[in-house]
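Note: the block below is structure_7.cif and it holds mmCIF, C-alpha atoms.
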data_model
loop_
_atom_site.label_atom_id
_atom_site.label_comp_id
_atom_site.auth_asym_id
_atom_site.auth_seq_id
_atom_site.Cartn_x
_atom_site.Cartn_y
_atom_site.Cartn_z
CA ASN J 203 78.69 105.63 104.53
CA ASN J 204 81.95 105.74 106.49
CA TRP J 205 84.05 107.71 103.94
CA ALA J 206 86.09 104.59 103.27
CA ILE J 207 88.27 104.68 100.12
CA GLY J 208 90.52 101.64 100.30
CA ASN J 209 91.60 98.51 102.10
CA GLN J 210 94.97 96.78 102.00
CA GLY J 211 96.14 98.80 99.00
CA SER J 212 93.05 98.25 96.84
CA LEU J 213 89.95 100.15 95.92
CA LEU J 214 86.84 98.94 97.70
CA VAL J 215 84.69 98.57 94.61
CA SER J 216 84.87 99.30 90.89
CA ILE J 217 81.81 101.01 89.42
CA PRO J 218 82.02 101.56 85.64
CA SER J 219 80.08 104.85 85.63
CA ASP J 220 82.35 106.17 88.41
CA GLN J 221 85.43 105.24 86.38
CA LYS J 222 83.90 106.90 83.31
CA MET J 223 83.23 110.10 85.24
CA PHE J 224 86.79 110.04 86.60
CA ARG J 225 88.20 109.73 83.06
CA GLN J 226 86.00 112.56 81.78
CA MET J 227 86.92 114.86 84.66
CA THR J 228 90.68 114.24 84.60
CA THR J 229 91.64 113.67 80.96
CA GLY J 230 93.82 116.53 79.75
CA LYS J 231 94.40 117.79 83.28
CA VAL J 232 97.08 117.70 85.95
CA ILE J 233 96.49 114.93 88.50
CA VAL J 234 98.27 114.53 91.83
CA TYR J 235 98.45 111.30 93.78
CA GLY J 236 100.72 109.15 95.89
CA ARG J 237 102.80 106.05 95.18
CA LYS J 238 100.25 103.67 96.69
CA THR J 239 97.52 105.07 94.45
CA LEU J 240 99.75 104.62 91.39
CA GLU J 241 100.06 100.95 92.31
CA THR J 242 96.26 100.58 91.95
CA PHE J 243 96.30 101.87 88.34
CA PRO J 244 96.39 99.44 85.39
CA GLN J 245 99.87 97.86 85.28
CA GLY J 246 100.88 100.35 87.99
CA GLN J 247 101.53 102.98 85.32
CA PRO J 248 100.68 106.71 85.18
CA LEU J 249 97.41 107.49 83.46
CA THR J 250 97.63 108.50 79.81
CA GLY J 251 96.26 111.79 78.58
CA ARG J 252 97.07 113.57 81.84
CA THR J 253 100.02 115.30 83.50
CA ASN J 254 100.84 112.92 86.37
CA ILE J 255 102.51 114.24 89.52
CA ILE J 256 103.32 111.73 92.25
CA LEU J 257 104.04 112.70 95.85
CA SER J 258 106.46 110.25 97.49
CA SER J 259 108.81 110.70 100.44
CA ASP J 260 111.21 108.17 98.87
CA MET J 261 113.95 110.39 97.40
CA LYS J 262 115.02 107.64 94.97
CA TYR J 263 111.52 106.93 93.66
CA GLN J 264 111.14 107.56 89.92
CA VAL J 265 108.34 106.78 87.49
CA ARG J 266 108.54 106.98 83.72
CA GLY J 267 105.74 109.21 82.42
CA ALA J 268 105.28 111.13 85.68
CA GLN J 269 106.93 113.85 87.68
CA VAL J 270 107.81 112.78 91.22
CA VAL J 271 107.97 115.30 94.06
CA HIS J 272 109.10 114.50 97.58
CA SER J 273 107.41 117.02 99.86
CA LEU J 274 104.28 119.12 100.15
CA GLU J 275 106.39 122.25 99.67
CA GLU J 276 107.92 120.89 96.46
CA LEU J 277 104.48 119.85 95.21
CA LEU J 278 102.99 123.28 95.86
CA GLU J 279 105.91 124.90 94.01
CA VAL J 280 105.41 122.64 90.98
CA LEU J 281 101.66 123.27 90.99
CA ARG J 282 102.20 127.03 90.74
CA GLY J 283 103.07 126.38 87.09
CA TYR J 284 99.57 125.05 86.35
CA GLU J 285 96.18 126.71 86.26
CA SER J 286 94.43 123.93 88.18
CA GLU J 287 94.86 120.33 89.19
CA ASP J 288 92.89 117.36 90.45
CA ILE J 289 93.90 115.46 93.56
CA VAL J 290 93.11 111.79 93.01
CA GLY J 291 94.40 109.99 96.11
CA GLY J 292 95.07 108.38 98.35
CA GLU J 293 94.35 109.10 101.98
CA SER J 294 97.67 110.78 102.84
CA VAL J 295 97.62 113.01 99.76
CA TYR J 296 93.97 113.93 100.36
CA ARG J 297 94.68 114.94 103.96
CA GLN J 298 97.71 117.02 102.97
CA MET J 299 96.05 118.71 100.00
CA LEU J 300 92.48 119.24 101.23
CA PRO J 301 93.32 122.62 102.83
CA TYR J 302 94.33 123.85 99.34
CA CYS J 303 91.19 122.57 97.58
CA ASP J 304 87.95 124.42 96.94
CA THR J 305 85.90 121.63 95.33
CA ALA J 306 85.55 117.91 96.02
CA HIS J 307 83.76 115.43 93.76
CA ILE J 308 82.74 112.44 95.85
CA THR J 309 81.08 109.19 94.84
CA LYS J 310 79.01 108.25 97.89
CA ILE J 311 78.10 104.58 98.14
CA ASP J 312 75.29 103.53 100.46
CA TYR J 313 77.41 100.94 102.25
CA ALA J 314 79.91 100.95 105.13
CA TYR J 315 83.01 99.14 103.93
CA GLN J 316 85.74 97.52 106.01
CA ALA J 317 88.67 99.83 105.24
CA ASP J 318 92.06 101.04 106.35
CA ALA J 319 92.00 104.25 104.26
CA HIS J 320 89.41 107.01 104.52
CA PHE J 321 88.67 110.39 102.96
CA PRO J 322 88.04 113.19 105.47
CA ASP J 323 84.32 113.38 106.35
CA LEU J 324 83.20 116.57 104.62
CA ASP J 325 79.69 116.26 106.07
CA GLU J 326 81.20 116.88 109.50
CA ASP J 327 83.42 119.77 108.34
CA PRO J 328 81.66 123.16 108.59
CA GLU J 329 83.94 124.58 105.86
CA TRP J 330 82.30 122.35 103.22
CA LYS J 331 78.77 122.17 101.82
CA VAL J 332 77.02 120.08 99.19
CA THR J 333 76.38 122.18 96.10
CA ALA J 334 75.19 119.47 93.68
CA ASP J 335 74.30 115.81 93.67
CA SER J 336 73.01 113.26 91.21
CA ASP J 337 69.94 111.13 91.42
CA GLU J 338 70.53 107.84 93.17
CA LEU J 339 72.18 105.35 90.83
CA THR J 340 72.48 101.57 91.08
CA TYR J 341 75.24 99.15 90.13
CA PHE J 342 74.09 95.61 90.85
CA ASP J 343 73.02 95.87 94.52
CA LEU J 344 75.01 99.07 95.28
CA GLU J 345 73.24 102.40 95.50
CA TYR J 346 75.40 105.49 95.01
CA THR J 347 75.32 109.17 94.14
CA PHE J 348 77.80 111.66 92.72
CA VAL J 349 78.12 114.59 95.14
CA LYS J 350 79.87 117.91 94.65
CA TYR J 351 81.15 119.71 97.75
CA GLU J 352 82.49 123.25 97.78
CA ARG J 353 84.41 125.11 100.43
CA ILE J 354 82.33 127.98 101.83
#
Give the structure from the file, written as structure tokens.
Amino acid sequence: NNWAIGNQGSLLVSIPSDQKMFRQMTTGKVIVYGRKTLETFPQGQPLTGRTNIILSSDMKYQVRGAQVVHSLEELLEVLRGYESEDIVGGESVYRQMLPYCDTAHITKIDYAYQADAHFPDLDEDPEWKVTADSDELTYFDLEYTFVKYERI
């Protein structure tokens, strides 16, 4: 409910159907994310079956199995070599890359989490509109929907 995405370096909740959708949508594609997001992945390793690009301001940062870029300008140059890419987090990368995105797939959970990382509120941004959403789903006591936003 408050566009929260993380707290103290961790995801707020793990929903199996959300993880399944993420795998289906990103496998075989280029994904872009930051160092902190990489640390939330299993064993802190890049995801298999994808081209992993990590944005980090640390000039010495290297990751086996991923390409590391150190600025938005460098990232945009690298991305010119690909047809499309998915931005997968976290907050800093979302905020930097949102102006270059035309579609956002959001899992909206009917709960306001305590968080220190948030996604920009697309409901309050007149440049974005909901173009598709799922029926309400339930995981234990959590109610959630998959929502597709597109830039108008």
### Message
Which residues would end up in the selection if the PyMOL selection byres ((chain J and resi 213-219) around 12) were applied here, given that I need the answer as number ranges by chain?
### Response
J: 205-212, 220-226, 238-243, 291-293, 309-311, 313-320, 339-348
Would you output that residue set with C-alpha atoms, as a tab-separated table (two decimals), in the frame of the given file?
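Listing of out-v3.tsv after writing:
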chain	number	residue	atom	x	y	z
J	205	TRP	CA	84.05	107.71	103.94
J	206	ALA	CA	86.09	104.59	103.27
J	207	ILE	CA	88.27	104.68	100.12
J	208	GLY	CA	90.52	101.64	100.30
J	209	ASN	CA	91.60	98.51	102.10
J	210	GLN	CA	94.97	96.78	102.00
J	211	GLY	CA	96.14	98.80	99.00
J	212	SER	CA	93.05	98.25	96.84
J	220	ASP	CA	82.35	106.17	88.41
J	221	GLN	CA	85.43	105.24	86.38
J	222	LYS	CA	83.90	106.90	83.31
J	223	MET	CA	83.23	110.10	85.24
J	224	PHE	CA	86.79	110.04	86.60
J	225	ARG	CA	88.20	109.73	83.06
J	226	GLN	CA	86.00	112.56	81.78
J	238	LYS	CA	100.25	103.67	96.69
J	239	THR	CA	97.52	105.07	94.45
J	240	LEU	CA	99.75	104.62	91.39
J	241	GLU	CA	100.06	100.95	92.31
J	242	THR	CA	96.26	100.58	91.95
J	243	PHE	CA	96.30	101.87	88.34
J	291	GLY	CA	94.40	109.99	96.11
J	292	GLY	CA	95.07	108.38	98.35
J	293	GLU	CA	94.35	109.10	101.98
J	309	THR	CA	81.08	109.19	94.84
J	310	LYS	CA	79.01	108.25	97.89
J	311	ILE	CA	78.10	104.58	98.14
J	313	TYR	CA	77.41	100.94	102.25
J	314	ALA	CA	79.91	100.95	105.13
J	315	TYR	CA	83.01	99.14	103.93
J	316	GLN	CA	85.74	97.52	106.01
J	317	ALA	CA	88.67	99.83	105.24
J	318	ASP	CA	92.06	101.04	106.35
J	319	ALA	CA	92.00	104.25	104.26
J	320	HIS	CA	89.41	107.01	104.52
J	339	LEU	CA	72.18	105.35	90.83
J	340	THR	CA	72.48	101.57	91.08
J	341	TYR	CA	75.24	99.15	90.13
J	342	PHE	CA	74.09	95.61	90.85
J	343	ASP	CA	73.02	95.87	94.52
J	344	LEU	CA	75.01	99.07	95.28
J	345	GLU	CA	73.24	102.40	95.50
J	346	TYR	CA	75.40	105.49	95.01
J	347	THR	CA	75.32	109.17	94.14
J	348	PHE	CA	77.80	111.66	92.72
### Query
Contacts of Glu287 (chain J) at 9 Å or less, counting all atoms listed in the file, minus same-chain residues fewer than 6 places along, as an NGL selection string?
:J and (228 or 231-234 or 281)
### Task
Tell me, as a PyMOL selection string, which residues lie within 7 Å of Pro248 (chain J), counting only C-alpha atoms; anything in the same chain fewer than 3 positions away does not count.
chain J and resi 240+254+267-268
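The nearest approach to Asp288 (chain J) among the residues J:Gly236, J:Met227, J:Glu275, J:Gln269, with all atoms listed in the file taken into account, belongs to J:Met227.
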#### Entry: Gap from CA of Thr250 (chain J) to CA of Glu352 (chain J) - Å, one decimal
27.7 Å
### Task
To one decimal in Å, tell me the separation between CA of Val295 (chain J) and CA of Leu324 (chain J).
15.6 Å
### Task
Starting from the displayed file, determine the output of the PyMOL selection byres ((chain J and resi 354) around 8) and express the residue list as number ranges by chain.
J: 329-331, 352-353
Could you add all heavy atoms to region 294-305 of chain J and give me the result as a PDB file, keeping the file's coordinate frame?
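Dumped everything to result.pdb:
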ATOM      1  N   SER J 294      96.630 109.841 102.392  1.00  0.00           N
ATOM      2  CA  SER J 294      97.670 110.780 102.840  1.00  0.00           C
ATOM      3  C   SER J 294      97.690 112.039 101.970  1.00  0.00           C
ATOM      4  O   SER J 294      97.756 113.155 102.484  1.00  0.00           O
ATOM      5  CB  SER J 294      99.038 110.101 102.817  1.00  0.00           C
ATOM      6  OG  SER J 294     100.052 111.023 103.100  1.00  0.00           O
ATOM      7  N   VAL J 295      97.610 111.861 100.666  1.00  0.00           N
ATOM      8  CA  VAL J 295      97.620 113.010  99.760  1.00  0.00           C
ATOM      9  C   VAL J 295      96.349 113.842  99.951  1.00  0.00           C
ATOM     10  O   VAL J 295      96.395 115.073  99.988  1.00  0.00           O
ATOM     11  CB  VAL J 295      97.785 112.558  98.292  1.00  0.00           C
ATOM     12  CG1 VAL J 295      97.637 113.728  97.327  1.00  0.00           C
ATOM     13  CG2 VAL J 295      99.143 111.883  98.112  1.00  0.00           C
ATOM     14  N   TYR J 296      95.208 113.187 100.103  1.00  0.00           N
ATOM     15  CA  TYR J 296      93.970 113.930 100.360  1.00  0.00           C
ATOM     16  C   TYR J 296      94.103 114.785 101.619  1.00  0.00           C
ATOM     17  O   TYR J 296      93.747 115.963 101.637  1.00  0.00           O
ATOM     18  CB  TYR J 296      92.783 112.985 100.539  1.00  0.00           C
ATOM     19  CG  TYR J 296      92.281 112.336  99.281  1.00  0.00           C
ATOM     20  CD1 TYR J 296      91.856 111.019  99.302  1.00  0.00           C
ATOM     21  CD2 TYR J 296      92.185 113.030  98.075  1.00  0.00           C
ATOM     22  CE1 TYR J 296      91.365 110.394  98.164  1.00  0.00           C
ATOM     23  CE2 TYR J 296      91.706 112.417  96.934  1.00  0.00           C
ATOM     24  CZ  TYR J 296      91.297 111.109  96.982  1.00  0.00           C
ATOM     25  OH  TYR J 296      90.811 110.497  95.866  1.00  0.00           O
ATOM     26  N   ARG J 297      94.583 114.205 102.692  1.00  0.00           N
ATOM     27  CA  ARG J 297      94.680 114.940 103.960  1.00  0.00           C
ATOM     28  C   ARG J 297      95.651 116.119 103.854  1.00  0.00           C
ATOM     29  O   ARG J 297      95.397 117.189 104.400  1.00  0.00           O
ATOM     30  CB  ARG J 297      95.076 114.009 105.091  1.00  0.00           C
ATOM     31  CG  ARG J 297      93.958 113.028 105.424  1.00  0.00           C
ATOM     32  CD  ARG J 297      94.166 112.283 106.725  1.00  0.00           C
ATOM     33  NE  ARG J 297      93.143 111.272 106.910  1.00  0.00           N
ATOM     34  CZ  ARG J 297      91.894 111.508 107.288  1.00  0.00           C
ATOM     35  NH1 ARG J 297      91.502 112.735 107.522  1.00  0.00           N
ATOM     36  NH2 ARG J 297      91.034 110.519 107.435  1.00  0.00           N
ATOM     37  N   GLN J 298      96.750 115.933 103.123  1.00  0.00           N
ATOM     38  CA  GLN J 298      97.710 117.020 102.970  1.00  0.00           C
ATOM     39  C   GLN J 298      97.194 118.127 102.055  1.00  0.00           C
ATOM     40  O   GLN J 298      97.463 119.303 102.292  1.00  0.00           O
ATOM     41  CB  GLN J 298      99.031 116.482 102.390  1.00  0.00           C
ATOM     42  CG  GLN J 298      99.798 115.602 103.356  1.00  0.00           C
ATOM     43  CD  GLN J 298     101.053 115.075 102.706  1.00  0.00           C
ATOM     44  OE1 GLN J 298     102.001 115.828 102.506  1.00  0.00           O
ATOM     45  NE2 GLN J 298     101.055 113.789 102.367  1.00  0.00           N
ATOM     46  N   MET J 299      96.463 117.745 101.012  1.00  0.00           N
ATOM     47  CA  MET J 299      96.050 118.710 100.000  1.00  0.00           C
ATOM     48  C   MET J 299      94.674 119.329 100.216  1.00  0.00           C
ATOM     49  O   MET J 299      94.366 120.372  99.644  1.00  0.00           O
ATOM     50  CB  MET J 299      96.103 118.060  98.612  1.00  0.00           C
ATOM     51  CG  MET J 299      97.513 117.717  98.153  1.00  0.00           C
ATOM     52  SD  MET J 299      98.622 119.152  98.084  1.00  0.00           S
ATOM     53  CE  MET J 299      97.814 120.145  96.823  1.00  0.00           C
ATOM     54  N   LEU J 300      93.838 118.719 101.038  1.00  0.00           N
ATOM     55  CA  LEU J 300      92.480 119.240 101.230  1.00  0.00           C
ATOM     56  C   LEU J 300      92.452 120.718 101.640  1.00  0.00           C
ATOM     57  O   LEU J 300      91.604 121.469 101.141  1.00  0.00           O
ATOM     58  CB  LEU J 300      91.698 118.370 102.217  1.00  0.00           C
ATOM     59  CG  LEU J 300      90.195 118.620 102.253  1.00  0.00           C
ATOM     60  CD1 LEU J 300      89.541 118.360 100.900  1.00  0.00           C
ATOM     61  CD2 LEU J 300      89.533 117.757 103.330  1.00  0.00           C
ATOM     62  N   PRO J 301      93.356 121.194 102.494  1.00  0.00           N
ATOM     63  CA  PRO J 301      93.320 122.620 102.830  1.00  0.00           C
ATOM     64  C   PRO J 301      93.529 123.551 101.630  1.00  0.00           C
ATOM     65  O   PRO J 301      93.182 124.733 101.691  1.00  0.00           O
ATOM     66  CB  PRO J 301      94.472 122.772 103.830  1.00  0.00           C
ATOM     67  CG  PRO J 301      94.647 121.416 104.420  1.00  0.00           C
ATOM     68  CD  PRO J 301      94.348 120.467 103.293  1.00  0.00           C
ATOM     69  N   TYR J 302      94.067 123.046 100.535  1.00  0.00           N
ATOM     70  CA  TYR J 302      94.330 123.850  99.340  1.00  0.00           C
ATOM     71  C   TYR J 302      93.239 123.694  98.284  1.00  0.00           C
ATOM     72  O   TYR J 302      93.318 124.308  97.228  1.00  0.00           O
ATOM     73  CB  TYR J 302      95.687 123.457  98.736  1.00  0.00           C
ATOM     74  CG  TYR J 302      96.814 123.617  99.717  1.00  0.00           C
ATOM     75  CD1 TYR J 302      97.264 122.526 100.465  1.00  0.00           C
ATOM     76  CD2 TYR J 302      97.423 124.851  99.926  1.00  0.00           C
ATOM     77  CE1 TYR J 302      98.292 122.670 101.382  1.00  0.00           C
ATOM     78  CE2 TYR J 302      98.443 125.003 100.846  1.00  0.00           C
ATOM     79  CZ  TYR J 302      98.868 123.906 101.569  1.00  0.00           C
ATOM     80  OH  TYR J 302      99.871 124.056 102.485  1.00  0.00           O
ATOM     81  N   CYS J 303      92.247 122.859  98.558  1.00  0.00           N
ATOM     82  CA  CYS J 303      91.190 122.570  97.580  1.00  0.00           C
ATOM     83  C   CYS J 303      89.942 123.401  97.857  1.00  0.00           C
ATOM     84  O   CYS J 303      89.646 123.735  98.996  1.00  0.00           O
ATOM     85  CB  CYS J 303      90.821 121.085  97.640  1.00  0.00           C
ATOM     86  SG  CYS J 303      92.155 119.998  97.139  1.00  0.00           S
ATOM     87  N   ASP J 304      89.213 123.694  96.774  1.00  0.00           N
ATOM     88  CA  ASP J 304      87.950 124.420  96.940  1.00  0.00           C
ATOM     89  C   ASP J 304      86.742 123.604  96.501  1.00  0.00           C
ATOM     90  O   ASP J 304      85.611 123.981  96.760  1.00  0.00           O
ATOM     91  CB  ASP J 304      87.989 125.753  96.192  1.00  0.00           C
ATOM     92  CG  ASP J 304      88.275 125.605  94.707  1.00  0.00           C
ATOM     93  OD1 ASP J 304      88.183 124.486  94.165  1.00  0.00           O
ATOM     94  OD2 ASP J 304      88.596 126.623  94.076  1.00  0.00           O
ATOM     95  N   THR J 305      86.982 122.475  95.818  1.00  0.00           N
ATOM     96  CA  THR J 305      85.900 121.630  95.330  1.00  0.00           C
ATOM     97  C   THR J 305      86.288 120.169  95.519  1.00  0.00           C
ATOM     98  O   THR J 305      87.451 119.814  95.326  1.00  0.00           O
ATOM     99  CB  THR J 305      85.649 121.892  93.829  1.00  0.00           C
ATOM    100  OG1 THR J 305      85.404 123.287  93.636  1.00  0.00           O
ATOM    101  CG2 THR J 305      84.456 121.089  93.321  1.00  0.00           C
TER     102      THR J 305
END
